[in-house]
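Data from my_file_18.cif: mmCIF, C-alpha atoms
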data_coords
loop_
_atom_site.label_atom_id
_atom_site.label_comp_id
_atom_site.auth_asym_id
_atom_site.auth_seq_id
_atom_site.Cartn_x
_atom_site.Cartn_y
_atom_site.Cartn_z
CA MET A 46 -60.95 81.29 120.08
CA THR A 47 -60.20 77.59 120.64
CA ASP A 48 -57.01 76.28 122.25
CA THR A 49 -55.95 74.78 118.93
CA THR A 50 -56.43 78.13 117.18
CA ARG A 51 -54.34 79.85 119.83
CA GLN A 52 -51.61 77.23 119.38
CA ALA A 53 -51.66 77.69 115.62
CA LYS A 54 -51.45 81.49 115.90
CA ALA A 55 -48.64 81.12 118.44
CA GLY A 56 -46.87 78.84 115.98
CA GLN A 57 -47.24 81.51 113.31
CA ARG A 58 -45.69 84.11 115.62
CA GLY A 59 -42.88 81.64 116.30
CA GLN A 60 -42.14 81.58 112.58
CA ALA A 61 -41.70 85.36 112.39
CA GLY A 62 -38.17 86.41 111.73
CA LYS A 63 -37.09 82.94 110.59
CA HIS A 64 -38.13 81.83 107.11
CA GLU A 65 -41.35 81.73 105.15
CA ILE A 66 -42.79 78.31 104.35
CA GLY A 67 -44.02 78.06 100.77
CA LEU A 68 -47.73 77.16 100.76
CA PRO A 69 -49.92 76.28 97.75
CA GLU A 70 -52.20 78.97 96.37
CA GLY A 71 -55.35 79.34 98.44
CA VAL A 72 -53.79 77.86 101.60
CA THR A 73 -53.22 80.45 104.31
CA ALA A 74 -50.67 80.29 107.12
CA ALA A 75 -53.58 79.97 109.56
CA ASP A 76 -54.92 76.94 107.67
CA TRP A 77 -51.55 75.22 107.77
CA GLY A 78 -50.98 76.26 111.39
CA LEU A 79 -54.19 74.54 112.51
CA GLU A 80 -53.45 71.43 110.48
CA ARG A 81 -49.89 71.28 111.76
CA VAL A 82 -51.02 71.33 115.40
CA ARG A 83 -54.09 69.13 115.00
CA THR A 84 -52.86 66.49 112.57
CA GLN A 85 -49.39 66.69 111.06
CA ASN A 86 -47.25 66.89 114.20
CA PRO A 87 -49.30 64.19 116.01
CA SER A 88 -48.93 62.01 112.91
CA ILE A 89 -45.15 62.44 112.83
CA ARG A 90 -44.89 61.74 116.56
CA SER A 91 -47.01 58.62 116.19
CA TYR A 92 -44.88 57.36 113.30
CA LEU A 93 -41.67 57.94 115.23
CA GLY A 94 -43.01 56.29 118.37
CA CYS A 95 -44.08 53.17 116.44
CA ILE A 96 -40.79 52.99 114.55
CA ARG A 97 -38.83 53.40 117.77
CA LEU A 98 -40.71 50.57 119.49
CA LEU A 99 -40.47 48.26 116.48
CA GLU A 100 -36.77 48.82 115.89
CA GLU A 101 -36.06 47.66 119.44
CA VAL A 102 -37.18 44.18 118.38
CA LEU A 103 -36.17 44.29 114.72
CA ASP A 104 -34.25 41.00 114.95
CA SER A 105 -33.39 38.68 112.10
CA ASN A 106 -35.78 35.82 111.33
CA TYR A 107 -33.15 33.38 112.60
CA ALA A 108 -32.91 35.26 115.91
CA ILE A 109 -36.69 35.29 116.32
CA LEU A 110 -36.98 31.57 115.58
CA HIS A 111 -34.25 30.64 118.07
CA CYS A 112 -34.52 33.28 120.81
CA SER A 113 -35.52 32.45 124.39
CA PRO A 114 -39.21 32.43 125.36
CA GLU A 115 -38.58 35.56 127.44
CA ARG A 116 -37.17 37.43 124.44
CA LEU A 117 -40.06 36.22 122.26
CA VAL A 118 -42.58 37.54 124.79
CA LYS A 119 -40.83 40.94 124.75
CA ILE A 120 -40.92 40.98 120.94
CA TRP A 121 -44.59 40.00 121.02
CA ARG A 122 -45.52 42.75 123.48
CA GLN A 123 -43.64 45.42 121.52
CA VAL A 124 -45.30 44.40 118.24
CA GLU A 125 -48.70 44.18 119.94
CA GLN A 126 -48.22 47.69 121.33
CA VAL A 127 -47.23 49.01 117.90
CA CYS A 128 -50.40 47.50 116.40
CA GLN A 129 -52.52 49.19 119.06
CA LEU A 130 -50.80 52.56 118.57
CA MET A 131 -51.17 52.36 114.80
CA ARG A 132 -54.92 51.89 115.14
CA SER A 133 -55.55 54.33 118.00
CA GLU A 134 -53.05 57.13 117.26
CA LEU A 135 -51.70 56.88 113.71
CA LEU A 136 -54.80 55.93 111.71
CA PRO A 137 -56.93 58.93 112.87
CA THR A 138 -54.22 61.30 111.58
CA LEU A 139 -54.13 59.54 108.20
CA GLU A 140 -57.90 59.81 107.83
CA GLU A 141 -57.82 63.60 108.15
CA PRO A 142 -57.77 65.52 104.84
CA SER A 143 -54.95 68.00 104.25
CA THR A 144 -55.05 71.52 102.87
CA ILE A 145 -51.79 70.70 101.07
CA PRO A 146 -52.60 68.65 97.93
CA GLY A 147 -49.36 66.66 97.95
CA LEU A 148 -49.68 65.90 101.65
CA ASP A 149 -53.33 64.93 101.24
CA GLU A 150 -52.35 62.47 98.51
CA ALA A 151 -49.60 61.04 100.73
CA ARG A 152 -52.11 60.49 103.54
CA ARG A 153 -54.54 58.78 101.16
CA HIS A 154 -51.75 56.44 100.03
CA ALA A 155 -50.81 55.74 103.66
CA GLU A 156 -54.41 55.13 104.69
CA ALA A 157 -54.97 52.69 101.82
CA ALA A 158 -51.73 50.89 102.67
CA PHE A 159 -52.75 50.75 106.31
CA TRP A 160 -56.00 48.93 105.59
CA VAL A 161 -54.18 46.37 103.46
CA LEU A 162 -51.68 45.90 106.30
CA ALA A 163 -54.50 45.68 108.86
CA GLU A 164 -56.24 42.90 106.96
CA THR A 165 -53.14 40.84 106.22
CA VAL A 166 -50.92 41.49 109.24
CA LEU A 167 -52.55 43.33 112.16
CA THR A 168 -55.74 41.26 112.34
CA PRO A 169 -53.89 37.89 112.61
CA ILE A 170 -51.78 39.36 115.43
CA GLU A 171 -54.84 40.74 117.23
CA ARG A 172 -56.49 37.31 117.32
CA TYR A 173 -54.08 36.30 120.08
CA ASP A 174 -54.55 37.20 123.74
CA HIS A 175 -52.09 39.57 125.42
CA SER A 176 -50.69 36.66 127.48
CA LEU A 177 -49.39 33.93 125.23
CA ARG A 178 -49.77 30.28 126.14
CA ALA A 179 -46.77 27.96 125.88
CA GLU A 180 -48.29 25.96 123.01
CA GLN A 181 -48.74 29.18 120.99
CA LEU A 182 -45.06 30.16 121.01
CA PRO A 183 -43.97 28.17 117.90
CA GLU A 184 -46.71 29.67 115.69
CA VAL A 185 -46.12 33.15 117.13
CA ARG A 186 -42.42 32.90 116.21
CA LYS A 187 -43.36 32.34 112.56
CA LEU A 188 -46.00 35.07 112.70
CA MET A 189 -43.44 37.57 114.03
CA CYS A 190 -40.99 36.66 111.25
CA VAL A 191 -43.62 37.49 108.64
CA SER A 192 -45.20 40.50 110.35
CA ILE A 193 -42.37 42.66 111.72
CA GLY A 194 -40.77 43.32 108.35
CA LYS A 195 -44.11 44.23 106.75
CA ILE A 196 -45.06 46.61 109.55
CA HIS A 197 -41.61 48.23 109.49
CA ALA A 198 -41.71 48.66 105.70
CA PHE A 199 -45.17 50.27 105.90
CA LEU A 200 -44.06 52.71 108.62
CA ARG A 201 -40.85 53.70 106.85
CA ASP A 202 -42.32 54.05 103.36
CA THR A 203 -45.46 55.99 104.25
CA PHE A 204 -43.62 58.14 106.80
CA GLY A 205 -41.07 59.10 104.14
CA GLU A 206 -43.80 60.16 101.70
CA ILE A 207 -45.68 62.16 104.34
CA VAL A 208 -42.56 64.00 105.55
CA ALA A 209 -41.47 64.65 101.95
CA ASN A 210 -44.78 66.45 101.30
CA ASP A 211 -44.65 68.45 104.54
CA PRO A 212 -44.13 72.15 103.55
CA ARG A 213 -41.46 72.42 106.22
CA SER A 214 -39.34 69.75 104.56
CA ARG A 215 -38.09 72.32 102.01
CA HIS A 216 -36.51 74.29 104.84
CA ASP A 217 -35.98 71.67 107.56
CA ALA A 218 -34.82 68.69 105.52
CA ASP A 219 -31.41 69.04 107.16
CA TYR A 220 -33.02 68.86 110.60
CA PHE A 221 -35.16 65.81 109.77
CA LEU A 222 -31.98 64.04 108.59
CA SER A 223 -29.68 65.31 111.31
CA LYS A 224 -28.33 63.48 114.35
CA ARG A 225 -30.01 66.06 116.57
CA PHE A 226 -33.45 65.04 115.27
CA ALA A 227 -32.78 61.38 116.05
CA GLN A 228 -31.40 62.35 119.47
CA ASP A 229 -34.46 64.46 120.31
CA ILE A 230 -36.78 61.63 119.39
CA GLU A 231 -34.62 59.09 121.20
CA GLU A 232 -34.74 61.05 124.44
CA SER A 233 -38.52 61.52 124.50
CA GLU A 234 -39.30 57.95 123.46
CA TRP A 235 -36.68 56.51 125.80
CA LEU A 236 -38.35 58.22 128.74
CA TYR A 237 -41.74 56.78 127.82
CA SER A 238 -40.29 53.29 127.24
CA ALA A 239 -38.45 53.37 130.58
CA VAL A 240 -41.55 54.47 132.47
CA TYR A 241 -43.65 51.86 130.63
CA GLU A 242 -41.23 49.11 131.75
CA LEU A 243 -41.14 50.51 135.28
CA ASP A 244 -44.95 50.44 135.38
CA GLU A 245 -45.01 46.77 134.36
CA LEU A 246 -42.33 45.86 136.92
CA LEU A 247 -44.12 47.73 139.70
CA ASP A 248 -47.45 46.15 138.86
CA GLY A 249 -45.98 42.66 139.30
CA LEU A 250 -44.06 43.55 142.45
CA GLU A 251 -47.02 45.27 144.09
CA LYS A 252 -49.21 42.22 143.50
CA ALA A 253 -46.53 39.84 144.82
CA CYS A 254 -45.94 41.96 147.92
CA SER A 255 -49.68 42.32 148.55
CA ALA A 256 -50.10 38.54 148.46
CA GLU A 257 -47.11 37.96 150.74
CA PHE A 258 -47.82 40.74 153.25
CA THR A 259 -51.55 39.97 153.42
CA ASP A 260 -50.58 36.51 154.62
CA SER A 261 -47.66 37.34 156.93
CA LEU A 262 -48.82 40.56 158.66
CA PRO A 263 -52.04 39.18 160.25
CA ARG A 264 -50.14 36.14 161.47
CA MET A 265 -47.42 38.28 163.05
CA ARG A 266 -50.04 40.51 164.70
CA LYS A 267 -51.74 37.46 166.15
CA GLU A 268 -48.68 35.52 167.26
CA ARG A 269 -46.46 38.49 168.21
CA MET A 270 -43.48 36.47 166.98
CA ILE A 271 -40.99 36.94 164.19
CA PRO A 272 -41.41 34.38 161.39
CA PRO A 273 -39.12 31.35 161.25
CA GLU A 274 -36.40 31.21 158.62
CA LEU A 275 -38.40 29.18 156.10
CA GLU A 276 -41.36 31.61 156.20
CA TRP A 277 -39.09 34.64 156.10
CA GLU A 278 -37.25 33.37 153.00
CA GLN A 279 -40.02 34.36 150.58
CA THR A 280 -40.24 37.86 152.05
CA ARG A 281 -36.46 38.21 151.86
CA LYS A 282 -36.54 37.26 148.16
CA LEU A 283 -39.09 40.00 147.50
CA LEU A 284 -36.92 42.51 149.36
CA ASP A 285 -33.90 41.44 147.28
CA ILE A 286 -35.92 41.99 144.08
CA LEU A 287 -37.00 45.43 145.27
CA LEU A 288 -33.39 46.39 145.94
CA GLY A 289 -31.82 44.58 142.98
CA ASP A 290 -34.39 45.23 140.22
CA LEU A 291 -36.69 48.08 141.20
CA MET A 292 -34.06 50.47 142.58
CA PRO A 293 -31.82 50.34 139.44
CA LYS A 294 -34.89 50.88 137.24
CA LEU A 295 -35.92 53.91 139.30
CA LYS A 296 -32.38 55.31 139.01
CA GLU A 297 -32.49 54.78 135.24
CA VAL A 298 -35.70 56.79 134.94
CA LEU A 299 -34.32 59.50 137.23
CA SER A 300 -31.27 59.89 135.01
CA LEU A 301 -33.28 60.63 131.83
CA ARG A 302 -33.36 64.21 130.60
CA GLY A 303 -37.06 64.30 129.81
CA ILE A 304 -38.30 63.70 133.36
CA ARG A 305 -40.01 66.64 135.07
CA LEU A 306 -38.68 68.10 138.28
CA ASN A 307 -41.75 67.28 140.39
CA ASP A 308 -41.74 63.68 139.10
CA MET A 309 -38.02 63.44 139.84
CA GLU A 310 -38.45 64.64 143.42
CA SER A 311 -41.35 62.24 144.01
CA LEU A 312 -39.45 59.26 142.57
CA GLU A 313 -36.34 60.11 144.59
CA ALA A 314 -38.42 60.20 147.78
CA HIS A 315 -40.08 56.87 146.98
CA ALA A 316 -36.75 55.27 146.06
CA SER A 317 -35.15 56.44 149.30
CA ASN A 318 -38.07 55.28 151.47
CA ILE A 319 -38.40 51.86 149.85
CA SER A 320 -34.65 51.22 149.86
CA THR A 321 -34.31 52.26 153.51
CA ASP A 322 -37.29 50.16 154.65
CA CYS A 323 -36.07 47.07 152.77
CA ARG A 324 -32.61 47.25 154.32
CA SER A 325 -34.04 48.03 157.77
CA LEU A 326 -36.34 45.01 157.56
CA MET A 327 -33.49 42.66 156.72
CA GLU A 328 -31.28 44.11 159.45
CA VAL A 329 -34.03 44.01 162.09
CA TYR A 330 -34.85 40.40 161.27
CA ALA A 331 -31.19 39.35 161.26
CA ILE A 332 -30.47 41.03 164.61
CA GLY A 333 -33.71 39.76 166.16
CA ARG A 334 -33.10 36.21 164.97
CA ASP A 335 -29.51 36.33 166.27
CA VAL A 336 -30.63 37.55 169.72
CA ILE A 337 -33.35 34.93 169.93
CA GLU A 338 -30.91 32.14 169.05
CA GLN A 339 -28.49 33.43 171.68
CA LEU A 340 -31.24 33.43 174.33
CA LYS A 341 -32.18 29.89 173.42
CA GLY A 342 -28.57 28.82 173.85
CA VAL A 343 -28.15 30.32 177.31
CA GLY A 344 -28.06 27.72 180.09
CA ALA A 345 -30.90 27.83 182.63
CA PRO A 346 -30.14 25.49 185.53
CA THR A 347 -32.91 26.75 187.82
CA LEU A 348 -36.65 27.19 187.32
CA ASP A 349 -36.32 30.96 187.83
CA ASP A 350 -33.64 31.12 185.13
CA ARG A 351 -35.83 29.19 182.71
CA GLU A 352 -38.82 31.42 183.43
CA GLN A 353 -36.69 34.53 182.92
CA ARG A 354 -35.38 33.18 179.61
CA VAL A 355 -38.94 32.56 178.40
CA LYS A 356 -39.90 36.11 179.40
CA ASP A 357 -36.86 37.48 177.57
CA LEU A 358 -37.76 35.47 174.46
CA ILE A 359 -41.36 36.72 174.54
CA ILE A 360 -40.24 40.33 174.94
CA CYS A 361 -37.68 39.99 172.14
CA HIS A 362 -40.26 38.44 169.78
CA ARG A 363 -42.77 41.14 170.63
CA VAL A 364 -40.37 44.05 170.14
CA VAL A 365 -38.80 42.73 166.94
CA SER A 366 -42.09 41.61 165.37
CA GLY A 367 -43.65 44.97 166.25
CA ARG A 368 -40.87 46.82 164.45
CA MET A 369 -41.09 44.44 161.48
CA MET A 370 -44.85 44.94 161.18
CA GLU A 371 -44.34 48.70 161.21
CA LEU A 372 -41.72 48.49 158.43
CA LEU A 373 -43.72 46.00 156.34
CA THR A 374 -46.85 48.14 156.54
CA ARG A 375 -44.93 51.26 155.58
CA LEU A 376 -43.12 49.47 152.74
CA HIS A 377 -46.40 48.11 151.33
CA SER A 378 -47.95 51.58 151.48
CA SER A 379 -44.92 53.11 149.70
CA LEU A 380 -45.11 50.48 146.95
CA ARG A 381 -48.82 51.11 146.39
CA ASP A 382 -48.24 54.87 146.25
CA LEU A 383 -45.34 54.47 143.82
CA ALA A 384 -47.30 52.08 141.58
CA LYS A 385 -50.20 54.54 141.42
CA HIS A 386 -47.85 57.47 140.77
CA ILE A 387 -46.12 55.67 137.90
CA ALA A 388 -49.40 54.47 136.38
CA ASP A 389 -50.72 58.04 136.43
CA SER A 390 -47.45 59.49 135.15
CA LYS A 391 -47.24 57.07 132.22
CA ALA A 392 -50.32 58.56 130.58
CA GLY A 393 -49.15 62.08 131.33
CA ILE A 394 -45.68 61.45 129.91
CA GLU A 395 -47.19 60.00 126.77
CA ASN A 396 -49.32 63.10 126.30
CA ARG A 397 -46.36 65.39 126.99
CA ARG A 398 -44.04 63.76 124.47
CA ALA A 399 -45.03 66.57 122.13
CA LEU A 400 -43.03 68.98 124.28
CA MET A 401 -39.91 66.91 123.71
CA LEU A 402 -40.39 67.10 119.94
CA THR A 403 -41.01 70.81 119.28
CA LYS A 404 -38.45 73.41 118.27
CA ASP A 405 -40.75 76.23 119.31
CA LEU A 406 -42.22 75.69 122.75
CA VAL A 407 -44.61 78.58 122.09
CA GLU A 408 -46.58 76.31 119.78
CA PHE A 409 -47.62 74.30 122.80
CA ARG A 410 -47.14 76.92 125.54
CA PRO A 411 -48.07 80.27 123.99
CA ARG A 412 -47.00 82.25 127.05
CA THR A 413 -43.45 80.93 126.94
CA SER A 414 -40.92 82.22 124.45
CA ARG A 415 -38.07 79.87 125.34
CA PRO A 416 -37.35 77.54 122.38
CA VAL A 417 -36.64 73.83 122.58
CA ARG A 418 -35.52 71.44 119.92
CA GLY A 419 -37.98 69.45 117.84
CA ILE A 420 -40.71 69.74 115.23
CA ARG A 421 -42.10 73.20 114.54
#
Could you render the structure as structure tokens?
Amino acid sequence: MTDTTRQAKAGQRGQAGKHEIGLPEGVTAADWGLERVRTQNPSIRSYLGCIRLLEEVLDSNYAILHCSPERLVKIWRQVEQVCQLMRSELLPTLEEPSTIPGLDEARRHAEAAFWVLAETVLTPIERYDHSLRAEQLPEVRKLMCVSIGKIHAFLRDTFGEIVANDPRSRHDADYFLSKRFAQDIEESEWLYSAVYELDELLDGLEKACSAEFTDSLPRMRKERMIPPELEWEQTRKLLDILLGDLMPKLKEVLSLRGIRLNDMESLEAHASNISTDCRSLMEVYAIGRDVIEQLKGVGAPTLDDREQRVKDLIICHRVVSGRMMELLTRLHSSLRDLAKHIADSKAGIENRRALMLTKDLVEFRPRTSRPVRGIR
């Protein structure tokens, strides 16, 4: 027995004692159970994920034409991601035949509409590179004005027809239309969106820190001196970004309901280590710089006094730079580990979104009887 068959049978057991779903003649509960797990639920999740992403940037044409370049880039990336998800996740579910005649017809309508949309809207978008050049922004603004509304209309219209022909809609129409349904979807998609943004932020920060530390650490090891103020300024800016941008983003992800306990514990540990090392670095540099300036200002009337001051300066530089190198190395290692952890978790969270969207957890975890809210 395949895993999908087990899931379908578990889903059937989960229906016992609730209500019977009316199926067309010749369609068994096992047939619908397999289709529900293999195709229908993934299709609904894909629709909802695309709609959620698109509605985040569903601005008016005026707003798109006059927004900042930064906002336009965000709109572009969201729409580009929706196009990719529609091809990779949604389309395969529309191409699958259904055992339910009405649902099969709805999928055929959606598939036909998709290919029209792909030719007229998706393909022009896909001609652009992921990173837009400055001279492309004016034409992309106009393209977004034309494209977003068409994509949104396709998703809403075809999704409505597919859900209307889902056998469960006769019994669960109130759930599909309820605030709880929107809240369940919001929570699962919000987690993925937050982790996606965190992954992008970390990728940029890890590259910036690698470039900076690769340059400063060897020099400090060679010279055994703390960097002068001008050289330290760039490192301090990176530390400020880690504390001011990365830490709040980590706390945002930690506060979301959908995050797993082991991920939460790992993120909390990384957040604590990175925050502590950043603050320690700034404090060690400030104290070391202050002591060095004080030593330089001390009078040295005799040769012995001057020699002792030089020795004190050398020792201070050596001790402080040694501690700074230790902290920088540890901070860089923590950032690399966190970036890898988030990159790995992003794919896992995307695959686990199903668990946030099921009313009966037994459909996905047959050995567990505890129910959660979502699609059956």
Which residues, named as in the file, does the PyMOL selection byres ((chain A and resi 383) around 10) pick out? Answer as a compact mmCIF listing (two decimals) with C-alpha atoms, in the frame of the given file.
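Result file is selection_38.txt:
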# COMPACT_ATOMS: atom_id res chain seq x y z
CA ASP A 244 -44.95 50.44 135.38
CA LEU A 247 -44.12 47.73 139.70
CA ASP A 248 -47.45 46.15 138.86
CA GLU A 251 -47.02 45.27 144.09
CA SER A 311 -41.35 62.24 144.01
CA LEU A 312 -39.45 59.26 142.57
CA ALA A 314 -38.42 60.20 147.78
CA HIS A 315 -40.08 56.87 146.98
CA ALA A 316 -36.75 55.27 146.06
CA ILE A 319 -38.40 51.86 149.85
CA HIS A 377 -46.40 48.11 151.33
CA SER A 378 -47.95 51.58 151.48
CA SER A 379 -44.92 53.11 149.70
CA LEU A 380 -45.11 50.48 146.95
CA ARG A 381 -48.82 51.11 146.39
CA ASP A 382 -48.24 54.87 146.25
CA ALA A 384 -47.30 52.08 141.58
CA LYS A 385 -50.20 54.54 141.42
CA HIS A 386 -47.85 57.47 140.77
CA ILE A 387 -46.12 55.67 137.90
CA ALA A 388 -49.40 54.47 136.38
CA ASP A 389 -50.72 58.04 136.43
**Report entry** Result set, the PyMOL selection byres ((chain A and resi 92) around 10) on current file, as a VMD selection string
**Finding:** chain A and resid 86 to 91 93 to 97 127 130 to 131 134 to 135 200 to 201 203 to 204
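Residues lying within 9 Å of A:Cys361, counting only C-alpha atoms and ignoring same-chain neighbours fewer than 5 positions away, are Met270, Gly333, Val336, Ile337, Lys356 and Ser366 of chain A.
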Limited to C-alpha atoms, could you put the picked residues into a file as a PDB file, in the coordinates of the input?
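Produced file result.pdb, reproduced below:
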ATOM      1  CA  MET A 270     -43.480  36.470 166.980  1.00  0.00           C
ATOM      2  CA  GLY A 333     -33.710  39.760 166.160  1.00  0.00           C
ATOM      3  CA  VAL A 336     -30.630  37.550 169.720  1.00  0.00           C
ATOM      4  CA  ILE A 337     -33.350  34.930 169.930  1.00  0.00           C
ATOM      5  CA  LYS A 356     -39.900  36.110 179.400  1.00  0.00           C
ATOM      6  CA  SER A 366     -42.090  41.610 165.370  1.00  0.00           C
TER       7      SER A 366
END
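Atom CA of A:Thr165 to atom CA of A:Glu125 spans 14.8 Å [interatomic distance, one decimal].
In this structure, atom CA of A:Met265 sits 18.5 Å away from atom CA of A:Lys282.
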Query - Shell around A:Glu371 at 12 Å using all atoms listed in the file, local window under 2 positions removed, as a PyMOL selection string - result: chain A and resi 258+262+265-266+322-323+325-326+329+364-369+373-378
Output the selection as a PDB file, in the coordinates of the input - C-alpha atoms for each residue.
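Wrote out_20.pdb, looks like this:
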ATOM      1  CA  PHE A 258     -47.820  40.740 153.250  1.00  0.00           C
ATOM      2  CA  LEU A 262     -48.820  40.560 158.660  1.00  0.00           C
ATOM      3  CA  MET A 265     -47.420  38.280 163.050  1.00  0.00           C
ATOM      4  CA  ARG A 266     -50.040  40.510 164.700  1.00  0.00           C
ATOM      5  CA  ASP A 322     -37.290  50.160 154.650  1.00  0.00           C
ATOM      6  CA  CYS A 323     -36.070  47.070 152.770  1.00  0.00           C
ATOM      7  CA  SER A 325     -34.040  48.030 157.770  1.00  0.00           C
ATOM      8  CA  LEU A 326     -36.340  45.010 157.560  1.00  0.00           C
ATOM      9  CA  VAL A 329     -34.030  44.010 162.090  1.00  0.00           C
ATOM     10  CA  VAL A 364     -40.370  44.050 170.140  1.00  0.00           C
ATOM     11  CA  VAL A 365     -38.800  42.730 166.940  1.00  0.00           C
ATOM     12  CA  SER A 366     -42.090  41.610 165.370  1.00  0.00           C
ATOM     13  CA  GLY A 367     -43.650  44.970 166.250  1.00  0.00           C
ATOM     14  CA  ARG A 368     -40.870  46.820 164.450  1.00  0.00           C
ATOM     15  CA  MET A 369     -41.090  44.440 161.480  1.00  0.00           C
ATOM     16  CA  LEU A 373     -43.720  46.000 156.340  1.00  0.00           C
ATOM     17  CA  THR A 374     -46.850  48.140 156.540  1.00  0.00           C
ATOM     18  CA  ARG A 375     -44.930  51.260 155.580  1.00  0.00           C
ATOM     19  CA  LEU A 376     -43.120  49.470 152.740  1.00  0.00           C
ATOM     20  CA  HIS A 377     -46.400  48.110 151.330  1.00  0.00           C
ATOM     21  CA  SER A 378     -47.950  51.580 151.480  1.00  0.00           C
TER      22      SER A 378
END
Report summary line: Min atom-atom distance to A:Val124 from the set A:Gly194, A:Gly205, A:Pro212, A:Pro263, counting all atoms listed in the file, belongs to A:Gly194
Requested in this report: Take atom CA of A:Ser143 and atom CA of A:Phe199 and report the distance between them in Å, one decimal.
Outcome: 20.3 Å
Query raised in the report: Within 9 Å of A:Lys187, counting all atoms listed in the file, which residues qualify if same-chain residues fewer than 6 places away don't, as a ChimeraX atom specification?
Result: /A:106,109-110
